[in-house]
$ cat work.csv   # CSV, C-alpha atoms (C1' of nucleotides)
chain,number,residue,atom,x,y,z
W,1,MET,CA,-7.8,46.3,5.3
W,2,LEU,CA,-10.9,44.2,5.2
W,3,ASN,CA,-11.9,41.5,7.5
W,4,ILE,CA,-12.8,38.0,6.3
W,5,GLY,CA,-16.5,38.7,6.1
W,6,ALA,CA,-16.0,41.7,3.9
W,7,VAL,CA,-13.6,39.8,1.6
W,8,SER,CA,-16.1,37.0,1.4
W,9,LYS,CA,-18.8,39.4,0.2
W,10,ARG,CA,-16.5,41.1,-2.2
W,11,THR,CA,-15.1,37.9,-3.8
W,12,GLY,CA,-18.0,35.6,-3.4
W,13,VAL,CA,-15.7,33.0,-1.8
W,14,LYS,CA,-17.3,31.7,1.4
W,15,ILE,CA,-15.5,32.3,4.7
W,16,PRO,CA,-14.6,28.7,5.5
W,17,THR,CA,-13.4,28.4,1.9
W,18,ILE,CA,-11.1,31.3,2.3
W,19,ARG,CA,-9.6,29.7,5.4
W,20,PHE,CA,-9.4,26.4,3.5
W,21,TYR,CA,-7.4,28.1,0.7
W,22,GLU,CA,-5.1,29.5,3.2
W,23,ALA,CA,-4.5,26.1,4.8
W,24,GLU,CA,-3.9,24.7,1.3
W,25,GLY,CA,-1.3,27.4,0.7
W,26,LEU,CA,-3.2,29.0,-2.2
W,27,ILE,CA,-3.1,32.3,-0.4
W,28,GLU,CA,-0.7,33.6,2.2
W,29,PRO,CA,-1.7,33.7,5.8
W,30,PRO,CA,-2.7,37.3,6.2
W,31,PRO,CA,-1.8,39.6,9.1
W,32,ARG,CA,-4.1,39.6,12.0
W,33,THR,CA,-5.6,42.1,14.5
W,34,THR,CA,-4.4,41.9,18.0
W,35,SER,CA,-7.3,39.7,18.8
W,36,GLY,CA,-6.3,37.3,16.0
W,37,ARG,CA,-8.7,38.2,13.2
W,38,ARG,CA,-7.6,38.1,9.7
W,39,LEU,CA,-7.0,41.3,7.8
W,40,TYR,CA,-6.8,41.3,4.0
W,41,SER,CA,-5.6,43.9,1.6
W,42,ASP,CA,-6.2,44.4,-2.1
W,43,PRO,CA,-3.7,41.9,-3.6
W,44,GLU,CA,-5.2,39.1,-1.5
W,45,VAL,CA,-8.6,40.0,-2.6
W,46,ARG,CA,-7.6,40.0,-6.2
W,47,ARG,CA,-5.9,36.6,-5.7
W,48,LEU,CA,-9.1,35.2,-4.2
W,49,SER,CA,-11.1,36.5,-7.2
W,50,PHE,CA,-8.6,34.9,-9.5
W,51,ILE,CA,-9.2,31.6,-7.7
W,52,ARG,CA,-12.9,32.0,-7.7
W,53,HIS,CA,-12.9,32.7,-11.3
W,54,ALA,CA,-10.8,29.8,-12.2
W,55,ARG,CA,-12.9,27.5,-10.0
W,56,ALA,CA,-16.0,28.7,-11.8
W,57,LEU,CA,-14.4,27.6,-15.0
W,58,GLY,CA,-13.9,24.2,-13.5
W,59,PHE,CA,-10.1,24.2,-13.0
W,60,GLU,CA,-8.9,22.0,-10.3
W,61,LEU,CA,-7.0,23.5,-7.3
W,62,SER,CA,-3.8,21.9,-8.5
W,63,ASP,CA,-4.1,23.6,-11.9
W,64,ILE,CA,-5.0,26.9,-10.1
W,65,ARG,CA,-1.9,26.5,-8.1
W,66,SER,CA,0.2,26.4,-11.3
W,67,LEU,CA,-1.7,29.3,-12.8
W,68,LEU,CA,-1.3,31.5,-9.7
W,69,ASP,CA,2.4,30.6,-9.7
W,70,LEU,CA,2.7,31.9,-13.3
W,71,SER,CA,0.7,35.0,-12.5
W,72,ASP,CA,3.1,35.6,-9.6
W,73,HIS,CA,6.0,35.4,-12.1
W,74,PRO,CA,5.0,37.4,-15.2
W,75,GLU,CA,8.5,36.9,-16.7
W,76,ARG,CA,8.2,33.2,-17.0
W,77,PRO,CA,7.1,31.6,-20.3
W,78,CYS,CA,3.4,31.0,-20.3
W,79,GLY,CA,3.2,27.8,-22.4
W,80,GLU,CA,2.2,26.0,-19.2
W,81,ALA,CA,-0.9,28.2,-18.8
W,82,ASP,CA,-2.0,27.4,-22.3
W,83,ARG,CA,-1.4,23.8,-21.8
W,84,ILE,CA,-3.5,23.7,-18.6
W,85,ALA,CA,-6.3,25.6,-20.3
W,86,ARG,CA,-6.3,23.4,-23.4
W,87,ARG,CA,-6.2,20.2,-21.4
W,88,HIS,CA,-9.1,21.4,-19.3
W,89,LEU,CA,-11.0,22.3,-22.4
W,90,GLU,CA,-10.5,18.7,-23.7
W,91,ASP,CA,-11.8,17.4,-20.5
W,92,VAL,CA,-14.9,19.5,-20.7
W,93,ASP,CA,-15.4,18.3,-24.3
W,94,ALA,CA,-15.1,14.7,-23.3
W,95,ARG,CA,-17.5,15.2,-20.5
W,96,ILE,CA,-20.1,16.8,-22.7
W,97,ALA,CA,-19.9,13.9,-25.1
W,98,GLN,CA,-20.3,11.5,-22.2
W,99,LEU,CA,-23.3,13.2,-20.9
W,100,ARG,CA,-24.9,13.3,-24.3
W,101,ALA,CA,-24.5,9.6,-24.6
W,102,LEU,CA,-26.0,9.2,-21.1
W,103,LYS,CA,-28.9,11.4,-22.0
W,104,ARG,CA,-29.7,9.2,-25.0
W,105,GLU,CA,-29.9,6.2,-22.8
W,106,LEU,CA,-31.8,7.9,-20.1
W,107,THR,CA,-34.4,9.3,-22.5
W,108,ARG,CA,-34.9,5.8,-23.8
W,109,ILE,CA,-35.4,4.5,-20.4
W,110,ALA,CA,-37.4,7.2,-18.9
W,111,THR,CA,-40.1,7.7,-21.5
W,112,PRO,CA,-43.2,7.4,-19.4
W,113,CYS,CA,-43.6,3.8,-18.5
W,114,GLU,CA,-47.0,2.2,-19.0
W,115,GLY,CA,-46.7,-0.3,-16.2
W,116,VAL,CA,-48.5,0.6,-13.1
W,117,SER,CA,-46.5,-1.5,-10.7
W,118,ALA,CA,-42.7,-2.0,-10.4
W,119,GLY,CA,-43.2,-5.4,-11.9
W,120,GLN,CA,-43.8,-4.0,-15.4
W,121,CYS,CA,-41.8,-0.8,-15.0
W,122,ARG,CA,-39.6,0.0,-17.9
W,123,VAL,CA,-37.1,1.8,-15.8
W,124,ILE,CA,-36.6,-1.1,-13.5
W,125,GLU,CA,-36.7,-3.6,-16.3
W,126,THR,CA,-34.1,-1.9,-18.3
W,127,LEU,CA,-31.7,-1.6,-15.4
W,128,ALA,CA,-32.2,-5.2,-14.5
W,129,ASP,CA,-31.6,-6.4,-18.0
W,130,HIS,CA,-28.5,-4.8,-19.4
W,131,GLY,CA,-28.7,-6.6,-22.7
W,132,ALA,CA,-31.9,-4.6,-23.4
W,133,CYS,CA,-30.0,-1.4,-23.7
W,134,GLY,CA,-27.4,0.2,-26.0
W,135,SER,CA,-24.7,-1.3,-23.8
W,136,ASP,CA,-21.3,0.2,-23.2
W,137,HIS,CA,-22.2,3.5,-21.6
W,138,ALA,CA,-19.6,5.1,-19.6
W,139,ARG,CA,-19.9,6.5,-16.2
W,140,PRO,CA,-20.5,10.2,-15.8
W,141,SER,CA,-18.7,12.2,-13.3
W,142,GLY,CA,-19.4,13.4,-9.8
W,143,ARG,CA,-22.0,15.8,-8.7
W,144,ARG,CA,-20.7,19.3,-8.5
W,145,ARG,CA,-22.2,22.2,-6.7
W,146,ILE,CA,-23.5,24.7,-9.2
W,147,VAL,CA,-22.6,28.1,-8.0
W,148,SER,CA,-23.3,30.9,-10.3
W,149,GLU,CA,-20.8,33.7,-10.0
W,150,ALA,CA,-21.7,37.2,-8.9
M,1,MET,CA,-21.8,-20.4,-6.0
M,2,LEU,CA,-19.2,-17.9,-7.1
M,3,ASN,CA,-16.4,-16.4,-5.1
M,4,ILE,CA,-16.0,-12.6,-5.1
M,5,GLY,CA,-13.4,-12.6,-7.8
M,6,ALA,CA,-15.6,-14.5,-10.2
M,7,VAL,CA,-18.5,-12.2,-9.4
M,8,SER,CA,-16.3,-9.2,-10.0
M,9,LYS,CA,-15.3,-10.5,-13.4
M,10,ARG,CA,-18.9,-11.3,-14.3
M,11,THR,CA,-20.4,-8.0,-13.3
M,12,GLY,CA,-17.5,-5.7,-13.8
M,13,VAL,CA,-17.8,-4.4,-10.3
M,14,LYS,CA,-14.5,-4.3,-8.6
M,15,ILE,CA,-13.9,-6.5,-5.5
M,16,PRO,CA,-13.5,-3.7,-3.0
M,17,THR,CA,-16.6,-2.0,-4.5
M,18,ILE,CA,-18.6,-5.2,-4.0
M,19,ARG,CA,-17.6,-5.2,-0.3
M,20,PHE,CA,-18.4,-1.5,-0.1
M,21,TYR,CA,-21.9,-2.1,-1.5
M,22,GLU,CA,-22.3,-4.8,1.1
M,23,ALA,CA,-21.2,-2.5,3.9
M,24,GLU,CA,-23.7,0.1,2.5
M,25,GLY,CA,-26.5,-2.4,2.6
M,26,LEU,CA,-27.1,-2.4,-1.2
M,27,ILE,CA,-26.6,-6.1,-1.2
M,28,GLU,CA,-27.1,-8.6,1.5
M,29,PRO,CA,-24.1,-10.1,3.3
M,30,PRO,CA,-23.6,-13.4,1.4
M,31,PRO,CA,-23.0,-16.8,3.0
M,32,ARG,CA,-19.4,-17.6,3.6
M,33,THR,CA,-17.1,-20.7,3.3
M,34,THR,CA,-15.8,-22.2,6.5
M,35,SER,CA,-12.7,-20.0,6.0
M,36,GLY,CA,-14.8,-16.9,5.7
M,37,ARG,CA,-14.8,-16.2,2.0
M,38,ARG,CA,-17.9,-14.8,0.4
M,39,LEU,CA,-20.0,-17.0,-1.8
M,40,TYR,CA,-22.5,-15.5,-4.2
M,41,SER,CA,-25.4,-17.0,-6.1
M,42,ASP,CA,-27.2,-15.8,-9.1
M,43,PRO,CA,-29.7,-13.3,-7.6
M,44,GLU,CA,-26.8,-11.4,-6.0
M,45,VAL,CA,-24.9,-11.3,-9.2
M,46,ARG,CA,-28.0,-9.9,-11.0
M,47,ARG,CA,-28.4,-7.4,-8.2
M,48,LEU,CA,-24.8,-6.2,-8.7
M,49,SER,CA,-25.3,-5.9,-12.4
M,50,PHE,CA,-28.4,-3.8,-11.8
M,51,ILE,CA,-26.3,-1.5,-9.5
M,52,ARG,CA,-23.5,-1.4,-12.0
M,53,HIS,CA,-25.9,-0.5,-14.8
M,54,ALA,CA,-27.6,2.2,-12.8
M,55,ARG,CA,-24.3,3.7,-11.8
M,56,ALA,CA,-23.2,3.7,-15.4
M,57,LEU,CA,-26.2,5.8,-16.1
M,58,GLY,CA,-25.1,8.2,-13.4
M,59,PHE,CA,-27.7,7.4,-10.7
M,60,GLU,CA,-26.6,8.1,-7.2
M,61,LEU,CA,-26.5,5.3,-4.7
M,62,SER,CA,-29.4,6.7,-2.8
M,63,ASP,CA,-31.5,6.6,-6.0
M,64,ILE,CA,-30.3,3.1,-6.7
M,65,ARG,CA,-31.4,2.1,-3.2
M,66,SER,CA,-34.9,3.2,-4.0
M,67,LEU,CA,-34.8,1.5,-7.4
M,68,LEU,CA,-33.6,-1.8,-5.9
M,69,ASP,CA,-36.3,-1.5,-3.3
M,70,LEU,CA,-38.9,-1.2,-6.1
M,71,SER,CA,-37.4,-4.1,-8.0
M,72,ASP,CA,-37.7,-6.2,-4.8
M,73,HIS,CA,-41.4,-5.4,-4.6
M,74,PRO,CA,-42.8,-5.8,-8.1
M,75,GLU,CA,-46.3,-5.2,-6.8
M,76,ARG,CA,-45.7,-1.7,-5.7
M,77,PRO,CA,-46.6,1.3,-7.9
M,78,CYS,CA,-43.7,2.4,-9.9
M,79,GLY,CA,-44.3,6.1,-10.2
M,80,GLU,CA,-41.3,6.6,-8.0
M,81,ALA,CA,-39.0,4.9,-10.5
M,82,ASP,CA,-40.2,7.2,-13.2
M,83,ARG,CA,-39.7,10.2,-11.0
M,84,ILE,CA,-36.2,9.2,-10.2
M,85,ALA,CA,-35.3,8.6,-13.8
M,86,ARG,CA,-36.9,11.9,-14.9
M,87,ARG,CA,-35.2,13.9,-12.2
M,88,HIS,CA,-31.9,12.4,-13.2
M,89,LEU,CA,-32.5,13.2,-16.8
M,90,GLU,CA,-33.1,16.8,-15.9
M,91,ASP,CA,-29.9,16.8,-13.9
M,92,VAL,CA,-28.0,15.5,-16.9
M,93,ASP,CA,-29.6,18.1,-19.1
M,94,ALA,CA,-28.7,20.9,-16.8
M,95,ARG,CA,-25.1,19.6,-16.6
M,96,ILE,CA,-24.8,19.5,-20.3
M,97,ALA,CA,-26.0,23.1,-20.6
M,98,GLN,CA,-23.5,24.1,-17.9
M,99,LEU,CA,-20.6,22.5,-19.5
M,100,ARG,CA,-21.5,24.0,-22.9
M,101,ALA,CA,-21.4,27.5,-21.3
M,102,LEU,CA,-18.2,26.6,-19.7
M,103,LYS,CA,-16.8,25.4,-23.0
M,104,ARG,CA,-17.6,28.7,-24.6
M,105,GLU,CA,-15.7,30.6,-21.9
M,106,LEU,CA,-12.8,28.3,-22.1
M,107,THR,CA,-12.5,28.4,-25.8
M,108,ARG,CA,-12.4,32.1,-25.6
M,109,ILE,CA,-9.7,32.0,-23.0
M,110,ALA,CA,-7.6,29.2,-24.4
M,111,THR,CA,-7.3,30.3,-28.0
M,112,PRO,CA,-3.5,30.2,-28.4
M,113,CYS,CA,-2.1,33.1,-26.5
M,114,GLU,CA,0.3,35.2,-28.4
M,115,GLY,CA,2.2,36.3,-25.3
M,116,VAL,CA,5.4,34.6,-24.6
M,117,SER,CA,5.6,35.1,-20.9
M,118,ALA,CA,3.0,34.9,-18.2
M,119,GLY,CA,2.9,38.7,-18.1
M,120,GLN,CA,1.0,38.9,-21.4
M,121,CYS,CA,-0.7,35.6,-21.2
M,122,ARG,CA,-4.4,35.7,-22.1
M,123,VAL,CA,-5.3,32.8,-19.9
M,124,ILE,CA,-3.8,34.4,-16.8
M,125,GLU,CA,-5.0,37.8,-17.8
M,126,THR,CA,-8.6,36.7,-18.2
M,127,LEU,CA,-8.7,34.8,-15.0
M,128,ALA,CA,-7.2,37.8,-13.1
M,129,ASP,CA,-9.7,40.2,-14.6
M,130,HIS,CA,-13.1,38.9,-14.2
M,131,GLY,CA,-14.7,41.9,-15.9
M,132,ALA,CA,-13.1,40.8,-19.1
M,133,CYS,CA,-15.1,37.8,-19.5
M,134,GLY,CA,-18.8,37.0,-20.1
M,135,SER,CA,-19.3,36.8,-16.3
M,136,ASP,CA,-21.9,34.7,-14.5
M,137,HIS,CA,-20.6,31.3,-15.4
M,138,ALA,CA,-21.5,28.6,-13.1
M,139,ARG,CA,-19.3,26.0,-11.5
M,140,PRO,CA,-19.2,22.6,-13.2
M,141,SER,CA,-19.3,19.5,-11.3
M,142,GLY,CA,-16.7,17.2,-9.9
M,143,ARG,CA,-14.4,15.0,-11.7
M,144,ARG,CA,-15.8,11.5,-12.3
M,145,ARG,CA,-14.1,8.4,-13.2
M,146,ILE,CA,-15.0,7.4,-16.7
M,147,VAL,CA,-15.6,3.7,-16.7
M,148,SER,CA,-16.9,2.2,-19.7
M,149,GLU,CA,-19.1,-0.8,-19.1
M,150,ALA,CA,-18.7,-4.4,-20.2
J,1,DC,C1',6.4,-28.3,0.1
J,2,DT,C1',6.7,-24.2,-2.0
J,3,DA,C1',5.2,-20.4,-4.6
J,4,DC,C1',1.9,-17.5,-5.8
J,5,DA,C1',-2.9,-15.9,-6.1
J,6,DT,C1',-6.8,-14.8,-3.8
J,7,DT,C1',-9.3,-13.3,0.0
J,8,DC,C1',-10.0,-11.4,4.5
J,9,DT,C1',-10.3,-7.0,7.8
J,10,DC,C1',-9.2,-2.5,8.7
J,11,DT,C1',-7.6,2.1,8.0
J,12,DA,C1',-6.7,6.0,5.4
J,13,DG,C1',-6.9,8.8,1.2
J,14,DC,C1',-9.1,11.3,-2.7
J,15,DC,C1',-11.5,16.2,-4.0
J,16,DA,C1',-13.1,20.6,-2.6
J,17,DC,C1',-15.3,21.9,0.4
J,18,DT,C1',-19.3,22.2,4.3
J,19,DA,C1',-21.2,21.8,8.9
J,20,DG,C1',-21.0,22.1,13.6
J,21,DA,C1',-19.0,22.5,18.4
J,22,DG,C1',-17.4,25.5,21.6
J,23,DG,C1',-15.3,29.7,22.6
J,24,DA,C1',-13.6,34.7,22.1
J,25,DT,C1',-14.3,39.3,20.4
J,26,DC,C1',-16.7,43.2,18.4
J,27,DA,C1',-20.2,47.0,17.6
J,28,DA,C1',-24.4,49.1,18.8
J,29,DG,C1',-28.2,50.2,21.8
J,30,DG,C1',-30.1,51.1,26.4
R,1,DC,C1',-21.5,49.9,32.0
R,2,DC,C1',-23.9,46.0,30.3
R,3,DT,C1',-26.2,43.2,27.3
R,4,DT,C1',-27.3,41.4,22.9
R,5,DG,C1',-26.3,39.6,18.6
R,6,DA,C1',-23.2,39.4,14.9
R,7,DT,C1',-18.8,38.0,13.6
R,8,DC,C1',-14.8,35.7,14.2
R,9,DC,C1',-11.5,32.0,15.9
R,10,DT,C1',-9.8,26.8,15.9
R,11,DC,C1',-10.7,22.2,15.5
R,12,DT,C1',-12.9,18.0,14.0
R,13,DA,C1',-15.8,15.3,11.2
R,14,DG,C1',-18.7,14.5,7.2
R,15,DT,C1',-19.9,14.5,2.1
R,16,DG,C1',-19.9,10.6,-2.3
R,17,DG,C1',-18.2,6.7,-4.2
R,18,DC,C1',-15.1,4.6,-4.2
R,19,DT,C1',-9.6,3.2,-4.2
R,20,DA,C1',-5.1,1.9,-2.1
R,21,DG,C1',-2.5,-0.3,1.1
R,22,DA,C1',-1.1,-3.0,5.3
R,23,DG,C1',-0.8,-7.3,7.2
R,24,DA,C1',-2.6,-11.8,7.7
R,25,DA,C1',-5.0,-16.1,6.4
R,26,DT,C1',-6.3,-19.4,3.0
R,27,DG,C1',-6.5,-21.7,-1.6
R,28,DT,C1',-4.3,-23.9,-5.6
R,29,DA,C1',-0.8,-25.6,-8.9
R,30,DG,C1',3.4,-27.7,-9.8

$ encode --input "work.csv" --output "structure tokens"
Amino acid sequence: MLNIGAVSKRTGVKIPTIRFYEAEGLIEPPPRTTSGRRLYSDPEVRRLSFIRHARALGFELSDIRSLLDLSDHPERPCGEADRIARRHLEDVDARIAQLRALKRELTRIATPCEGVSAGQCRVIETLADHGACGSDHARPSGRRRIVSEA
Amino acid sequence: MLNIGAVSKRTGVKIPTIRFYEAEGLIEPPPRTTSGRRLYSDPEVRRLSFIRHARALGFELSDIRSLLDLSDHPERPCGEADRIARRHLEDVDARIAQLRALKRELTRIATPCEGVSAGQCRVIETLADHGACGSDHARPSGRRRIVSEA
DNA sequence: CTACATTCTCTAGCCACTAGAGGATCAAGG
DNA sequence: CCTTGATCCTCTAGTGGCTAGAGAATGTAG
């Protein structure tokens, strides 16, 4: 039986995040010591590693919920898991394409501007005048923490 | 003088978003009709287009704030604009690299699994057993709306 | 005059956490 | 035994960049 700190170290999931997953129902509320501290045993630790791993691969919590569900019921057909993984892969592909388009735009914009003051700055100018650029870029997606895994 | 709906159509910025930008101080509170409706003139419309364009390129609002500031003061040195753009470009590059690594992992995982039930599913299995995969992936970043411009 | 559209303000929700307050409990050293 | 510092507890609020919805007022067309 490990306390939450030990579990956190072992799995790489931060303490508040473990509690958060518990509140979200991704893991069961563990037993407690008499003083109310959480005690985890091996299966919960493995479950947390599973979640961590899936998060590291960019799966959303809702997907992870489904995947955990399947992993809890090994007798069920697993087409769903495949579907989730493939859909996610498509998302990633789309995002890569997006970012590449973005990069092209940005490179064009950010090539060192010769102007000295904002009045002649290419960056500012290009942003101000949309017509000047390759139009029709799409919006990239939200900042994500980059947390390399153990 | 345009009302907020017309401005929204012209700039592609949604009405609630325009109000949001006003609340955030990215645009000035415009004059109002006697009944309290917002009235915009050309400079504000251009300012909104600027913001929209910068957002489409993935700049964060805090960066956009700085860029707008520079564009308001054309006499200032524009090194800052360059720095913002270059930093952003680096971010994008990093994100692309990240996603590519992710894609490799996912492709490995999601190649159609032969198992029929979750018990033998490659997806589930790989997630459960971290050792089985190329380790050390990083976490990709948050879902972003993809809003093509114009 | 009656619909219907547009606008207003305000609040709450999204995602996956993270940070911080304020308090209890634990383990180790003196 | 007592103190110190680490760990843990619960709870609330904040992050970014919006979006959705309630409920009310105003504008416009037929």

$ closest_atom_pairs --input "work.csv" --of "chain M" --to "chain J" --cutoff "10 Å" --atoms "only C-alpha atoms (C1' of nucleotides)" --output "CSV"
residue,atom,partner,partner_atom,distance
M:Asn3,CA,J:DT7,C1',9.3
M:Ile4,CA,J:DT7,C1',8.4
M:Gly5,CA,J:DT6,C1',8.0
M:Ile15,CA,J:DT7,C1',9.9
M:Ser35,CA,J:DC8,C1',9.1
M:Gly36,CA,J:DC8,C1',7.4
M:Arg37,CA,J:DT7,C1',6.5
M:Arg38,CA,J:DT7,C1',8.7
M:Gly142,CA,J:DC15,C1',7.9
M:Arg143,CA,J:DC15,C1',8.3

$ residues_near_point --input "work.csv" --point "(-6.3, 27.8, -11.1)" --cutoff "10 Å" --atoms "all atoms listed in the file" --output "ChimeraX atom specification"
/W:26,50-69,81,84-85 /M:124,127

$ closest_residue --input "work.csv" --among "R:DG30, R:DC18, R:DC8, R:DG23" --to "chain W" --atoms "only C-alpha atoms (C1' of nucleotides)"
R:DC8

$ closest_residue --input "work.csv" --among "M:Glu105, M:Glu125, M:Asp93, M:Glu24" --to "chain R" --atoms "only C-alpha atoms (C1' of nucleotides)"
M:Glu24

$ closest_residue --input "work.csv" --among "R:DA20, R:DC1, R:DA13, R:DA6" --to "chain W" --atoms "all atoms listed in the file"
R:DA6

$ atom_distance --input "work.csv" --atom1 "CA of Gly79 (chain M)" --atom2 "CA of Cys121 (chain W)"
8.8 Å

$ closest_residue --input "work.csv" --among "M:Val13, M:Leu39, M:Ala128, M:Val45" --to "Ile27 (chain M)" --atoms "all atoms listed in the file"
M:Val45

$ closest_residue --input "work.csv" --among "R:DG5, R:DC11, R:DT26, R:DG16" --to "chain W" --atoms "all atoms listed in the file"
R:DG16

$ atom_distance --input "work.csv" --atom1 "CA of Arg104 (chain W)" --atom2 "CA of Leu89 (chain M)"
9.5 Å

$ decode --input "work.csv" --residues "chain J" --atoms "C-alpha atoms (C1' of nucleotides)" --output "PDB file, in the first residue's frame"
ATOM      1  C1'  DC J   1     -49.495  46.092 -35.001  1.00  0.00           C
ATOM      2  C1'  DT J   2     -47.268  41.997 -35.131  1.00  0.00           C
ATOM      3  C1'  DA J   3     -43.548  39.088 -35.987  1.00  0.00           C
ATOM      4  C1'  DC J   4     -39.027  38.225 -36.070  1.00  0.00           C
ATOM      5  C1'  DA J   5     -34.178  39.540 -35.906  1.00  0.00           C
ATOM      6  C1'  DT J   6     -30.737  41.739 -33.551  1.00  0.00           C
ATOM      7  C1'  DT J   7     -28.648  43.437 -29.700  1.00  0.00           C
ATOM      8  C1'  DC J   8     -27.910  44.051 -24.778  1.00  0.00           C
ATOM      9  C1'  DT J   9     -25.940  42.188 -20.029  1.00  0.00           C
ATOM     10  C1'  DC J  10     -24.804  38.574 -17.234  1.00  0.00           C
ATOM     11  C1'  DT J  11     -23.577  34.007 -15.859  1.00  0.00           C
ATOM     12  C1'  DA J  12     -21.818  29.537 -16.584  1.00  0.00           C
ATOM     13  C1'  DG J  13     -19.404  26.039 -19.194  1.00  0.00           C
ATOM     14  C1'  DC J  14     -15.497  23.944 -21.898  1.00  0.00           C
ATOM     15  C1'  DC J  15     -10.713  21.110 -21.073  1.00  0.00           C
ATOM     16  C1'  DA J  16      -7.334  19.207 -18.082  1.00  0.00           C
ATOM     17  C1'  DC J  17      -5.416  20.568 -14.954  1.00  0.00           C
ATOM     18  C1'  DT J  18      -2.668  23.960 -11.500  1.00  0.00           C
ATOM     19  C1'  DA J  19      -2.148  27.043  -7.569  1.00  0.00           C
ATOM     20  C1'  DG J  20      -3.104  28.465  -3.200  1.00  0.00           C
ATOM     21  C1'  DA J  21      -5.415  28.897   1.418  1.00  0.00           C
ATOM     22  C1'  DG J  22      -5.860  26.958   5.719  1.00  0.00           C
ATOM     23  C1'  DG J  23      -5.603  23.073   8.458  1.00  0.00           C
ATOM     24  C1'  DA J  24      -4.374  18.186  10.131  1.00  0.00           C
ATOM     25  C1'  DT J  25      -1.063  14.530  10.513  1.00  0.00           C
ATOM     26  C1'  DC J  26       3.375  12.152  10.136  1.00  0.00           C
ATOM     27  C1'  DA J  27       8.386  10.924  10.828  1.00  0.00           C
ATOM     28  C1'  DA J  28      12.780  12.174  12.537  1.00  0.00           C
ATOM     29  C1'  DG J  29      15.961  14.489  15.552  1.00  0.00           C
ATOM     30  C1'  DG J  30      17.147  16.632  19.991  1.00  0.00           C
TER      31       DG J  30
END
